[in-house]
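Structure first, then comments.
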Amino acid sequence: MNKKILVVGLIVIAIGAVLISISPQSKVSSLIDKITGNTQPAIDNIQFITIIEGKQTTLNVLKKDLLFNITITYDKNNNPRYVNVAKRSDLSDFYKQVGFNNASEDVVYVYPIFTQGAYGDHGFYDYYNKKCGPECLTLPIPSKFVPRYGASMTATIVLSLLNYSHITDVQVDKNPDILKKYHKVIVLHNEYVTKREFDAITSHPNVIYLFPNALYAEVRTDYANDTYTLIRGHGYPIPSIANGFDWKFDNSNLEYDVNCENMTFTIIPNGKMLTCYPAYRSLFDKAFLEAIKES
């Protein structure tokens, strides 16, 4: 993601949790009110907050439009710790329409495990922001999923609830042919990928690029030491380098549109690309989930 225009959810950084106001009485709502200056938020609305270039934007959604039950767990300091998403009993028919009864066999999404690590403590962004030196350019490969806004947090939760199968960057890097098993491959905010993974994804005939800014920078893996290192892209090793693969279909300029009011797909030779950054759409937008299933 472009370091000059970094779109981040209002997150408890230590654990990558998004602050979402559930009701005007909730602790989250009170916290959001202090930040936004709102004194009487609409009772029927839920607020999703993102920050672009230090400026806060709020996406208001009617609670009745939520497609899932959302609850928040608080830490010992009464700060929101993480968001839990669960299916609603009254929407079982809709879930069948946009999901699968069992793990999907011919559709898979690629979980951005390298990007998850890049946004973590002592990661690439600490290097970009001059909080640490080159030692932050080689990271341990994460051994488990940690919800992060930059790693398509809500999309991965919802797709998993709908029984979409998943693989990780590591699996594709180790065995690029794994993608040939699937009729459709869904790429999320896989910003950091290896050259093997890049080649495997861009040569697959039916890819849904669900987030702009995917395939943006090259990393190299060292499985003997379970690490990966930034090689090229995102202004590294020289500021003039944007996309590390010089990919002609890079659409990173579209990641700044987090409202997705004019959301559509554009066609490229090996699939489709969404024209905005759908940070929270999977939680409330029926048409969005239908488009993923039907594409």
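If you're wondering about the labels, chains in the structure tokens are A, B, ... by order shown, residues count from 1 in each chain, ligands from 1 in order shown.
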
Review point. Hey, what's within 8 Å of range 269-280 of chain A if we count only C-alpha atoms and toss same-chain stuff fewer than 5 positions away? As an NGL selection string, please?
Key: :A and (48 or 149 or 152 or 154-155 or 202-212 or 254-260 or 263-264)

Suppose we keep N, CA and C atoms; can you now write the selection as a CSV table (one decimal), in the first residue's frame?
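Wrote it out as out_29.csv, contents follow:
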chain,number,residue,atom,x,y,z
A,48,PHE,N,-18.3,2.5,10.3
A,48,PHE,CA,-17.1,1.9,10.0
A,48,PHE,C,-16.1,3.0,9.7
A,149,TYR,N,-6.4,-5.2,9.3
A,149,TYR,CA,-7.1,-4.4,8.2
A,149,TYR,C,-6.3,-4.6,6.9
A,152,SER,N,-6.9,-7.8,4.6
A,152,SER,CA,-8.2,-8.1,4.2
A,152,SER,C,-9.0,-8.8,5.3
A,154,THR,N,-11.9,-8.4,7.3
A,154,THR,CA,-13.3,-8.8,7.2
A,154,THR,C,-13.6,-9.7,6.1
A,155,ALA,N,-13.0,-9.5,4.9
A,155,ALA,CA,-13.2,-10.3,3.8
A,155,ALA,C,-12.8,-11.8,4.0
A,202,THR,N,-0.8,-14.5,-12.1
A,202,THR,CA,-1.0,-13.8,-13.4
A,202,THR,C,-1.1,-14.7,-14.6
A,203,SER,N,-0.7,-16.0,-14.5
A,203,SER,CA,-0.9,-16.9,-15.6
A,203,SER,C,-2.2,-17.8,-15.4
A,204,HIS,N,-2.8,-17.7,-14.3
A,204,HIS,CA,-4.1,-18.4,-14.1
A,204,HIS,C,-5.2,-17.7,-15.0
A,205,PRO,N,-6.1,-18.4,-15.6
A,205,PRO,CA,-7.0,-17.8,-16.6
A,205,PRO,C,-8.2,-17.1,-15.9
A,206,ASN,N,-8.5,-17.3,-14.6
A,206,ASN,CA,-9.7,-16.8,-14.1
A,206,ASN,C,-9.5,-16.3,-12.6
A,207,VAL,N,-8.9,-15.1,-12.5
A,207,VAL,CA,-8.6,-14.6,-11.2
A,207,VAL,C,-9.5,-13.4,-10.9
A,208,ILE,N,-10.1,-13.3,-9.7
A,208,ILE,CA,-10.8,-12.2,-9.2
A,208,ILE,C,-9.9,-11.4,-8.3
A,209,TYR,N,-9.5,-10.2,-8.7
A,209,TYR,CA,-8.6,-9.4,-7.9
A,209,TYR,C,-9.6,-8.5,-7.1
A,210,LEU,N,-9.8,-8.9,-5.8
A,210,LEU,CA,-10.9,-8.3,-5.0
A,210,LEU,C,-10.4,-7.0,-4.4
A,211,PHE,N,-9.1,-6.8,-4.3
A,211,PHE,CA,-8.6,-5.5,-3.6
A,211,PHE,C,-7.6,-4.9,-4.6
A,212,PRO,N,-7.7,-3.6,-4.8
A,212,PRO,CA,-6.6,-2.9,-5.5
A,212,PRO,C,-5.3,-3.0,-4.7
A,254,LEU,N,-6.5,2.9,-7.1
A,254,LEU,CA,-7.9,2.8,-6.7
A,254,LEU,C,-8.1,2.4,-5.3
A,255,GLU,N,-7.0,2.1,-4.5
A,255,GLU,CA,-7.2,1.7,-3.2
A,255,GLU,C,-7.7,2.9,-2.3
A,256,TYR,N,-7.6,4.1,-2.8
A,256,TYR,CA,-8.0,5.2,-1.9
A,256,TYR,C,-9.5,5.4,-1.9
A,257,ASP,N,-10.2,4.7,-2.7
A,257,ASP,CA,-11.7,4.7,-2.7
A,257,ASP,C,-12.2,3.6,-1.8
A,258,VAL,N,-12.5,4.0,-0.5
A,258,VAL,CA,-12.9,3.0,0.5
A,258,VAL,C,-14.5,3.0,0.6
A,259,ASN,N,-15.1,4.0,0.0
A,259,ASN,CA,-16.6,4.0,0.1
A,259,ASN,C,-17.3,3.1,-1.0
A,260,CYS,N,-16.6,2.9,-2.1
A,260,CYS,CA,-17.1,2.0,-3.1
A,260,CYS,C,-18.5,2.3,-3.6
A,263,MET,N,-18.8,1.1,-7.3
A,263,MET,CA,-18.0,-0.2,-7.4
A,263,MET,C,-18.4,-1.0,-8.6
A,264,THR,N,-17.4,-1.4,-9.4
A,264,THR,CA,-17.6,-2.3,-10.5
A,264,THR,C,-16.3,-3.1,-10.7

Review point. Near range 95-109 of chain A, counting only C-alpha atoms, which residues have an atom at most 8 Å away, once you skip same-chain residues fewer than 5 positions from it, shown as an MDAnalysis selection string?
Key: chainID A and resid 159 162:167 181:188 289:290 292:293

Exercise for review: Please report, as a ChimeraX atom specification, each residue of range 59-212 of chain A to which DSSP assigns strand (DSSP E) when run on this structure's backbone.
Suggested key: /A:59-62,68-74,80-87,107-111,138-140,165-168,184-187,192-193,207-209

Review point. Can you tell me, as a ChimeraX atom specification, what residues are no more than 7 Å from Leu139 in chain A when counting only C-alpha atoms, ignoring any on the same chain fewer than 5 positions away?
Key: /A:123,227-229

Requested write-out: C-alpha atoms of the selected residues, as a short mmCIF file (atom, residue, chain, number, x, y, z; two decimals), in the first residue's frame:
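So the final result, stored in selection12.cif, reads:
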data_model
loop_
_atom_site.label_atom_id
_atom_site.label_comp_id
_atom_site.auth_asym_id
_atom_site.auth_seq_id
_atom_site.Cartn_x
_atom_site.Cartn_y
_atom_site.Cartn_z
CA GLY A 123 7.60 -4.92 9.82
CA THR A 227 11.81 -15.80 6.85
CA TYR A 228 11.01 -13.56 3.91
CA THR A 229 12.70 -10.38 2.71
#

Review point. Excluding same-chain residues fewer than 2 positions from Val219 in chain A, what lies within 8 Å of it counting only C-alpha atoms, as an NGL selection string?
Key: :A and (192-195 or 217 or 221 or 228-232)

**Study point:** Pick from A:Leu66, A:Arg88, A:Tyr125, A:Thr57 nearest to Asp44 in chain A, counting only C-alpha atoms
**Key:** A:Leu66
